[in-house]
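For reference, target-v4.cif is printed below; it contains mmCIF, C-alpha atoms and all ligand atoms.
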data_protein
#
loop_
_atom_site.label_atom_id
_atom_site.label_comp_id
_atom_site.auth_asym_id
_atom_site.auth_seq_id
_atom_site.Cartn_x
_atom_site.Cartn_y
_atom_site.Cartn_z
CA MET G 1 15.14 -3.20 17.45
CA LYS G 2 14.95 -0.44 20.09
CA SER G 3 14.91 3.13 18.75
CA VAL G 4 18.46 4.51 18.90
CA PHE G 5 17.43 8.19 18.98
CA THR G 6 17.39 10.38 22.07
CA ARG G 7 13.92 11.77 21.43
CA PRO G 8 10.76 9.82 20.50
CA VAL G 9 10.10 8.71 16.94
CA ILE G 10 6.34 8.36 16.42
CA GLY G 11 5.09 6.35 13.45
CA ILE G 12 1.54 6.84 12.20
CA THR G 13 0.23 4.18 9.86
CA GLY G 14 -3.05 2.87 8.46
CA PRO G 15 -4.87 2.60 5.15
CA ALA G 16 -5.69 5.41 2.72
CA GLY G 17 -8.18 7.96 4.04
CA CYS G 18 -8.09 6.76 7.66
CA GLY G 19 -6.72 10.16 8.77
CA LYS G 20 -2.96 9.55 9.15
CA SER G 21 -1.84 12.97 7.88
CA THR G 22 -4.46 14.80 9.96
CA ILE G 23 -3.31 12.90 13.05
CA ALA G 24 0.42 13.14 12.34
CA ARG G 25 0.27 16.91 11.75
CA PHE G 26 -1.76 17.37 14.93
CA LEU G 27 0.69 15.33 17.04
CA ALA G 28 3.70 17.11 15.54
CA GLU G 29 2.19 20.49 16.37
CA ARG G 30 1.04 19.49 19.88
CA LEU G 31 4.45 18.01 20.76
CA GLY G 32 6.67 20.44 18.84
CA TYR G 33 8.04 17.60 16.66
CA VAL G 34 9.00 17.57 12.99
CA TYR G 35 6.33 16.16 10.65
CA ILE G 36 7.63 13.78 7.94
CA ASP G 37 5.30 13.18 5.00
CA VAL G 38 6.51 9.86 3.55
CA ASP G 39 4.10 10.07 0.57
CA GLY G 40 5.84 13.39 -0.15
CA LEU G 41 9.24 11.65 -0.05
CA GLY G 42 7.76 9.20 -2.57
CA HIS G 43 6.97 12.13 -4.88
CA GLU G 44 10.53 13.39 -4.41
CA ALA G 45 11.79 9.88 -5.35
CA LEU G 46 9.82 10.07 -8.62
CA GLU G 47 11.73 13.23 -9.55
CA LYS G 48 15.11 11.71 -8.67
CA LYS G 49 14.38 8.39 -10.40
CA ALA G 50 12.51 9.75 -13.44
CA LYS G 51 14.98 8.15 -15.87
CA ASP G 52 14.64 4.69 -14.26
CA ILE G 53 10.85 5.08 -14.29
CA GLU G 54 10.88 6.00 -17.97
CA ASN G 55 13.01 2.92 -18.70
CA ALA G 56 10.69 0.67 -16.70
CA PHE G 57 7.27 2.07 -17.73
CA GLY G 58 7.92 3.73 -21.08
CA ASN G 59 7.96 7.40 -22.01
CA GLY G 60 4.13 7.70 -21.82
CA VAL G 61 4.39 8.34 -18.07
CA VAL G 62 7.26 10.84 -18.23
CA CYS G 63 7.00 14.20 -19.97
CA ASP G 64 10.03 16.57 -20.08
CA GLY G 65 11.63 14.60 -17.24
CA ILE G 66 8.54 14.93 -15.01
CA VAL G 67 6.64 11.79 -13.98
CA ASP G 68 2.87 12.04 -14.55
CA ARG G 69 1.62 10.68 -11.21
CA ARG G 70 -1.98 10.26 -12.35
CA LYS G 71 -0.90 8.12 -15.33
CA LEU G 72 1.60 6.10 -13.31
CA GLY G 73 -0.97 5.62 -10.53
CA LYS G 74 -3.47 4.27 -13.06
CA ILE G 75 -0.93 1.63 -14.11
CA VAL G 76 0.40 0.58 -10.70
CA PHE G 77 -2.86 0.59 -8.75
CA SER G 78 -4.37 -1.90 -11.19
CA SER G 79 -1.48 -4.40 -11.22
CA VAL G 80 0.45 -5.84 -8.27
CA HIS G 81 3.27 -6.68 -10.67
CA GLU G 82 3.59 -3.07 -11.91
CA LEU G 83 3.33 -1.72 -8.35
CA ALA G 84 6.15 -4.05 -7.22
CA LYS G 85 8.24 -2.78 -10.16
CA LEU G 86 7.73 0.85 -9.11
CA GLU G 87 8.39 0.09 -5.45
CA SER G 88 11.68 -1.63 -6.30
CA ILE G 89 12.82 1.65 -7.92
CA VAL G 90 11.62 4.17 -5.33
CA HIS G 91 11.43 2.41 -1.94
CA PRO G 92 15.20 2.29 -1.22
CA TYR G 93 15.36 6.07 -1.83
CA ILE G 94 12.27 6.77 0.37
CA SER G 95 13.53 4.69 3.34
CA LYS G 96 17.00 6.23 3.16
CA ARG G 97 15.65 9.81 3.03
CA ALA G 98 13.19 9.24 5.88
CA ILE G 99 15.89 7.73 8.11
CA ALA G 100 18.27 10.60 7.24
CA ILE G 101 15.66 13.16 8.42
CA VAL G 102 14.97 11.21 11.62
CA SER G 103 18.72 10.97 12.31
CA LYS G 104 19.37 14.63 11.59
CA ASN G 105 16.76 15.60 14.20
CA ASN G 106 17.83 12.82 16.60
CA GLY G 107 14.15 11.86 16.96
CA GLY G 108 11.42 14.32 17.91
CA VAL G 109 9.64 13.43 14.67
CA VAL G 110 6.30 12.08 13.48
CA LEU G 111 6.47 9.76 10.47
CA ASP G 112 3.27 9.62 8.38
CA ALA G 113 3.27 6.52 6.13
CA ALA G 114 0.74 3.94 4.94
CA LEU G 115 3.73 1.71 4.13
CA LEU G 116 5.65 2.40 7.34
CA ILE G 117 6.15 -1.31 8.08
CA LYS G 118 6.87 -2.38 4.49
CA LEU G 119 9.47 0.41 4.18
CA GLY G 120 11.24 -0.84 7.34
CA LEU G 121 10.53 2.49 9.08
CA ALA G 122 8.64 0.94 12.02
CA ASP G 123 12.03 -0.41 13.12
CA VAL G 124 13.25 3.11 13.96
CA CYS G 125 10.07 4.06 15.86
CA SER G 126 9.79 4.24 19.63
CA HIS G 127 5.99 4.76 19.42
CA LEU G 128 3.51 3.54 16.83
CA LEU G 129 -0.10 4.56 16.25
CA ILE G 130 -2.14 2.33 13.96
CA VAL G 131 -5.18 4.21 12.66
CA LYS G 132 -8.38 2.57 11.49
CA ALA G 133 -11.58 3.84 9.90
CA VAL G 134 -14.37 1.94 8.15
CA VAL G 135 -14.23 1.58 4.35
CA PRO G 136 -17.24 3.82 3.41
CA ILE G 137 -15.87 6.71 5.48
CA ARG G 138 -12.37 6.35 4.01
CA PHE G 139 -13.90 6.13 0.57
CA PHE G 140 -15.89 9.38 0.88
CA ARG G 141 -12.97 11.21 2.50
CA LEU G 142 -10.76 10.34 -0.49
CA ILE G 143 -13.39 11.36 -3.04
CA ARG G 144 -13.82 14.69 -1.25
CA ARG G 145 -10.07 15.27 -0.74
CA ASP G 146 -8.64 14.11 -4.08
CA GLY G 147 -11.57 13.72 -6.47
CA PHE G 148 -10.23 10.22 -7.27
CA SER G 149 -12.45 7.90 -9.35
CA LEU G 150 -14.13 4.85 -7.85
CA SER G 151 -11.74 2.48 -9.66
CA ARG G 152 -8.67 4.46 -8.54
CA ILE G 153 -9.77 4.29 -4.89
CA LEU G 154 -10.58 0.57 -5.13
CA GLY G 155 -7.14 0.00 -6.71
CA ILE G 156 -5.43 1.81 -3.81
CA PHE G 157 -7.47 -0.13 -1.22
CA LYS G 158 -6.56 -3.42 -2.95
CA SER G 159 -2.86 -2.49 -3.03
CA GLN G 160 -2.96 -1.96 0.73
CA ARG G 161 -4.57 -5.28 1.68
CA ASN G 162 -1.55 -6.74 3.47
CA LEU G 163 -0.15 -3.67 5.19
CA TYR G 164 0.36 -5.30 8.60
CA SER G 165 0.61 -9.04 7.96
CA GLN G 166 2.81 -10.79 10.54
CA PHE G 167 3.65 -7.54 12.27
CA PHE G 168 4.91 -7.48 15.84
CA LEU G 169 7.59 -5.23 17.31
CA PRO G 170 8.06 -5.87 21.05
CA ASP G 171 10.10 -2.69 21.69
CA VAL G 172 7.67 -0.28 20.05
CA ASP G 173 4.92 1.19 22.25
CA THR G 174 1.99 0.48 19.93
CA LYS G 175 -1.54 1.91 20.21
CA TYR G 176 -4.60 1.61 17.98
CA ILE G 177 -7.11 4.36 17.29
CA SER G 178 -10.32 4.45 15.28
CA ASN G 179 -11.12 7.65 13.43
CA ASN G 180 -14.74 7.24 12.31
CA TRP G 181 -16.17 10.37 13.88
CA GLY G 182 -15.57 14.11 13.78
CA LYS G 183 -12.36 16.01 14.47
CA LYS G 184 -13.37 17.10 18.00
CA ARG G 185 -13.63 13.46 19.10
CA LEU G 186 -10.37 12.68 17.30
CA VAL G 187 -8.50 15.39 19.22
CA GLU G 188 -9.86 14.04 22.54
CA LYS G 189 -8.59 10.56 21.63
CA LEU G 190 -5.20 11.86 20.57
CA ASP G 191 -4.76 13.80 23.81
CA ARG G 192 -5.45 10.52 25.64
CA VAL G 193 -2.83 8.71 23.54
CA ILE G 194 -0.27 11.44 24.30
CA ALA G 195 -1.03 11.08 28.02
CA LEU G 196 -0.77 7.26 27.90
CA TRP G 197 2.58 7.55 26.15
CA GLY G 198 3.70 10.09 28.77
CA LEU G 199 4.84 12.56 26.09
C1 LIG G 201 1.66 5.72 -7.62
C2 LIG G 201 1.95 7.20 -7.40
C3 LIG G 201 2.78 7.75 -8.55
C4 LIG G 201 0.58 7.95 -7.39
O1 LIG G 201 0.80 9.31 -7.06
P1 LIG G 201 -0.46 10.23 -6.63
O2 LIG G 201 0.09 11.58 -6.35
O3 LIG G 201 -1.53 10.12 -7.66
O4 LIG G 201 -1.05 9.56 -5.31
P2 LIG G 201 -0.46 9.64 -3.83
O5 LIG G 201 1.02 9.51 -3.83
O6 LIG G 201 -1.06 10.80 -3.14
O7 LIG G 201 -1.04 8.27 -3.21
C5 LIG G 201 -2.45 8.03 -3.20
C6 LIG G 201 -2.73 6.99 -2.14
O8 LIG G 201 -2.05 5.76 -2.46
C7 LIG G 201 -1.23 5.36 -1.36
N1 LIG G 201 -0.02 4.71 -1.91
C8 LIG G 201 1.03 5.30 -2.52
N2 LIG G 201 1.94 4.38 -2.86
C9 LIG G 201 1.44 3.19 -2.47
C10 LIG G 201 1.94 1.86 -2.53
N3 LIG G 201 3.14 1.59 -3.06
N4 LIG G 201 1.17 0.85 -2.02
C11 LIG G 201 -0.02 1.13 -1.46
N5 LIG G 201 -0.54 2.37 -1.36
C12 LIG G 201 0.19 3.38 -1.86
C13 LIG G 201 -0.90 6.65 -0.63
O9 LIG G 201 -0.55 6.42 0.71
C14 LIG G 201 -2.20 7.41 -0.75
O10 LIG G 201 -3.14 6.97 0.16
C15 LIG G 201 2.68 7.44 -6.06
O11 LIG G 201 1.79 7.17 -4.98
C16 LIG G 201 3.93 6.60 -5.89
O12 LIG G 201 4.94 6.90 -6.50
N6 LIG G 201 3.87 5.51 -5.07
C17 LIG G 201 5.04 4.65 -4.86
C18 LIG G 201 5.84 5.14 -3.70
C19 LIG G 201 5.25 4.69 -2.39
O13 LIG G 201 5.22 3.49 -2.09
N7 LIG G 201 4.78 5.66 -1.60
C20 LIG G 201 4.11 5.39 -0.36
C21 LIG G 201 4.94 5.81 0.78
S1 LIG G 201 4.05 5.62 2.29
N1 LIG G 202 -12.09 12.81 12.13
C1 LIG G 202 -12.25 13.40 10.96
N2 LIG G 202 -13.37 14.12 10.71
C2 LIG G 202 -13.58 14.72 9.52
N3 LIG G 202 -12.70 14.68 8.48
C3 LIG G 202 -11.57 14.00 8.68
C4 LIG G 202 -11.27 13.32 9.90
N4 LIG G 202 -10.06 12.72 9.79
C5 LIG G 202 -9.61 13.01 8.55
N5 LIG G 202 -10.51 13.77 7.88
C6 LIG G 202 -10.39 14.28 6.49
O1 LIG G 202 -10.34 13.13 5.63
C7 LIG G 202 -9.42 13.34 4.57
C8 LIG G 202 -8.37 12.23 4.61
O2 LIG G 202 -7.59 12.41 5.79
P1 LIG G 202 -6.00 12.29 5.75
O3 LIG G 202 -5.46 13.01 4.57
O4 LIG G 202 -5.50 12.68 7.09
O5 LIG G 202 -5.91 10.69 5.55
P2 LIG G 202 -4.65 9.79 5.23
O6 LIG G 202 -4.83 8.52 5.99
O7 LIG G 202 -3.40 10.55 5.47
O8 LIG G 202 -4.84 9.51 3.68
P3 LIG G 202 -3.73 9.08 2.58
O9 LIG G 202 -3.04 7.86 3.08
O10 LIG G 202 -4.55 8.81 1.38
O11 LIG G 202 -2.81 10.26 2.41
C9 LIG G 202 -8.83 14.73 4.75
O12 LIG G 202 -9.52 15.63 3.92
C10 LIG G 202 -9.10 15.05 6.24
O13 LIG G 202 -9.27 16.43 6.47
#
Would you write the structure of this file as structure tokens?
Ligand SMILES: CC(C)(COP(=O)(O)OP(=O)(O)OC[C@H]1O[C@@H](n2cnc3c(N)ncnc32)[C@H](O)[C@@H]1O)[C@@H](O)C(=O)NCCC(=O)NCCS
Ligand SMILES: Nc1ncnc2c1ncn2[C@@H]1O[C@H](COP(=O)(O)OP(=O)(O)OP(=O)(O)O)[C@@H](O)[C@H]1O
Amino acid sequence: MKSVFTRPVIGITGPAGCGKSTIARFLAERLGYVYIDVDGLGHEALEKKAKDIENAFGNGVVCDGIVDRRKLGKIVFSSVHELAKLESIVHPYISKRAIAIVSKNNGGVVLDAALLIKLGLADVCSHLLIVKAVVPIRFFRLIRRDGFSLSRILGIFKSQRNLYSQFFLPDVDTKYISNNWGKKRLVEKLDRVIALWGL
């Protein structure tokens, strides 16, 4: 589907720790676009759907109406079945909210989402940047950023194994970028992508 918005909608996707948020924030600032943190919309969904989550996962993960993300993460990142259960509760909310923000701005946005394709958000993009970085680098970035345990990180990596299976969108101007080096080199690459896109 061709993007229906007047201004560009840039999607940034890739696995955990590859640098999506760093890249999406940079592009939004460089281009004067609105940055949309889809993980953040997921956290918002947990607040809105706390009751459904308590019903589905028991009251051990919800305290005073607040979902304990660490506890819930421990459950869902070690079981595909539990993750699918959580996604069926929160994904409709996340997709709807993201599309509402894109529509309100009539494009001119950068969507930052590991699950961009699974959430159906690639369909509203005019431009897509798929970010890659090797596993050890992603691993150390996540330890440094979040202090996650080894098993938590491996669980997240496992949950993201099929992020782009059978993915092809002919109307979306798609580019790939590897982010294995420092930030200076990253910025040079991103400026080249902006020029290639003509933005
Ligand atoms: C499991 C939850 C509670 C863990 O919260 P927590 O704050 O500890 O982690 P955070 O949200 O920062 O995510 C950690 C990493 O896991 C990735 N991740 C989050 N959800 C998923 C998922 N469903 N599948 C694969 N990876 C995921 C994130 O992109 C990030 O790299 C939370 O991630 C969640 O509610 N996920 C389901 C909603 C979702 O699919 N969000 C992703 C939108 S792109
Ligand atoms: N080129 C780079 N050089 C050095 N550090 C980097 C580089 N790119 C990203 N980082 C750092 O790595 C960490 C992870 O980056 P970022 O949060 O952008 O990844 P992400 O793909 O959005 O991760 P997640 O999906 O888990 O949210 C951050 O602390 C960020 O500052």
Test item: residues no farther than 6 Å from ligand LIG 202 (chain G), counting only C-alpha atoms and all ligand atoms, as an MDAnalysis selection string
chainID G and resid 15:22 114 141:142 145 179 181:183 186
Would you give me, as CSV, each residue of chain G having an atom within 8 Å of an atom of ligand LIG 201 (chain G), along with its shortest atom pair and that distance in Å to one decimal, using all atoms listed in the file and sorting by chain and residue number?
residue,atom,partner,partner_atom,distance
G:Pro15,CA,G:LIG201,O10,6.9
G:Ala16,CA,G:LIG201,O10,3.9
G:Gly17,CA,G:LIG201,O10,6.4
G:Val38,CA,G:LIG201,S1,5.1
G:Asp39,CA,G:LIG201,C21,4.3
G:Gly40,CA,G:LIG201,O5,7.2
G:Leu41,CA,G:LIG201,C21,7.3
G:Gly42,CA,G:LIG201,C18,4.6
G:His43,CA,G:LIG201,O12,5.8
G:Ala45,CA,G:LIG201,O12,7.6
G:Leu46,CA,G:LIG201,O12,6.2
G:Val67,CA,G:LIG201,C3,7.8
G:Asp68,CA,G:LIG201,C3,7.4
G:Arg69,CA,G:LIG201,C3,4.1
G:Arg70,CA,G:LIG201,O3,4.7
G:Lys71,CA,G:LIG201,C3,7.7
G:Leu72,CA,G:LIG201,C3,5.2
G:Gly73,CA,G:LIG201,C1,3.9
G:Lys74,CA,G:LIG201,C1,7.6
G:Val76,CA,G:LIG201,C1,6.1
G:Phe77,CA,G:LIG201,C1,6.9
G:Leu83,CA,G:LIG201,N3,6.2
G:Ala84,CA,G:LIG201,N3,7.6
G:Leu86,CA,G:LIG201,C17,6.3
G:Glu87,CA,G:LIG201,C17,5.7
G:Val90,CA,G:LIG201,C18,6.1
G:His91,CA,G:LIG201,O13,6.3
G:Ile94,CA,G:LIG201,C21,7.4
G:Asp112,CA,G:LIG201,S1,7.3
G:Ala113,CA,G:LIG201,S1,4.0
G:Ala114,CA,G:LIG201,S1,4.6
G:Leu115,CA,G:LIG201,S1,4.3
G:Leu116,CA,G:LIG201,S1,6.2
G:Leu119,CA,G:LIG201,S1,7.8
G:Ile156,CA,G:LIG201,O8,5.4
G:Phe157,CA,G:LIG201,N5,7.4
G:Ser159,CA,G:LIG201,C11,4.9
G:Gln160,CA,G:LIG201,C11,4.8
What are the closest atom pairs, with distances in Å to one decimal, for all residues of segment 98-137 of chain G lying within 9 Å of segment 3-6 of chain G? Consider only C-alpha atoms, order rows by chain and residue number, and present the result as JSON lines.
{"residue": "G:Val102", "atom": "CA", "partner": "G:Phe5", "partner_atom": "CA", "distance": 8.3}
{"residue": "G:Ser103", "atom": "CA", "partner": "G:Phe5", "partner_atom": "CA", "distance": 7.3}
{"residue": "G:Asn105", "atom": "CA", "partner": "G:Phe5", "partner_atom": "CA", "distance": 8.8}
{"residue": "G:Asn106", "atom": "CA", "partner": "G:Phe5", "partner_atom": "CA", "distance": 5.2}
{"residue": "G:Gly107", "atom": "CA", "partner": "G:Phe5", "partner_atom": "CA", "distance": 5.3}
{"residue": "G:Gly108", "atom": "CA", "partner": "G:Thr6", "partner_atom": "CA", "distance": 8.3}
{"residue": "G:Asp123", "atom": "CA", "partner": "G:Ser3", "partner_atom": "CA", "distance": 7.2}
{"residue": "G:Val124", "atom": "CA", "partner": "G:Ser3", "partner_atom": "CA", "distance": 5.1}
{"residue": "G:Cys125", "atom": "CA", "partner": "G:Ser3", "partner_atom": "CA", "distance": 5.7}
{"residue": "G:Ser126", "atom": "CA", "partner": "G:Ser3", "partner_atom": "CA", "distance": 5.3}
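Separating atom CA of Asp171 of chain G from atom CA of Leu128 of chain G is a distance of 10.3 Å.
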Practice item. Take atom CA of Arg25 of chain G and atom CA of Val110 of chain G and report the distance between them in Å, one decimal. Key: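 Going from atom CA of Arg25 of chain G over to atom CA of Val110 of chain G covers 7.9 Å.
What separates atom CA of Gly14 of chain G from atom CA of Val131 of chain G is a distance of 4.9 Å.
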G:Ala195, G:Leu27, G:Val187, G:Val34: which is nearest Val109 of chain G, counting all atoms listed in the file?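 Closest residue, counting all atoms listed in the file: G:Val34.
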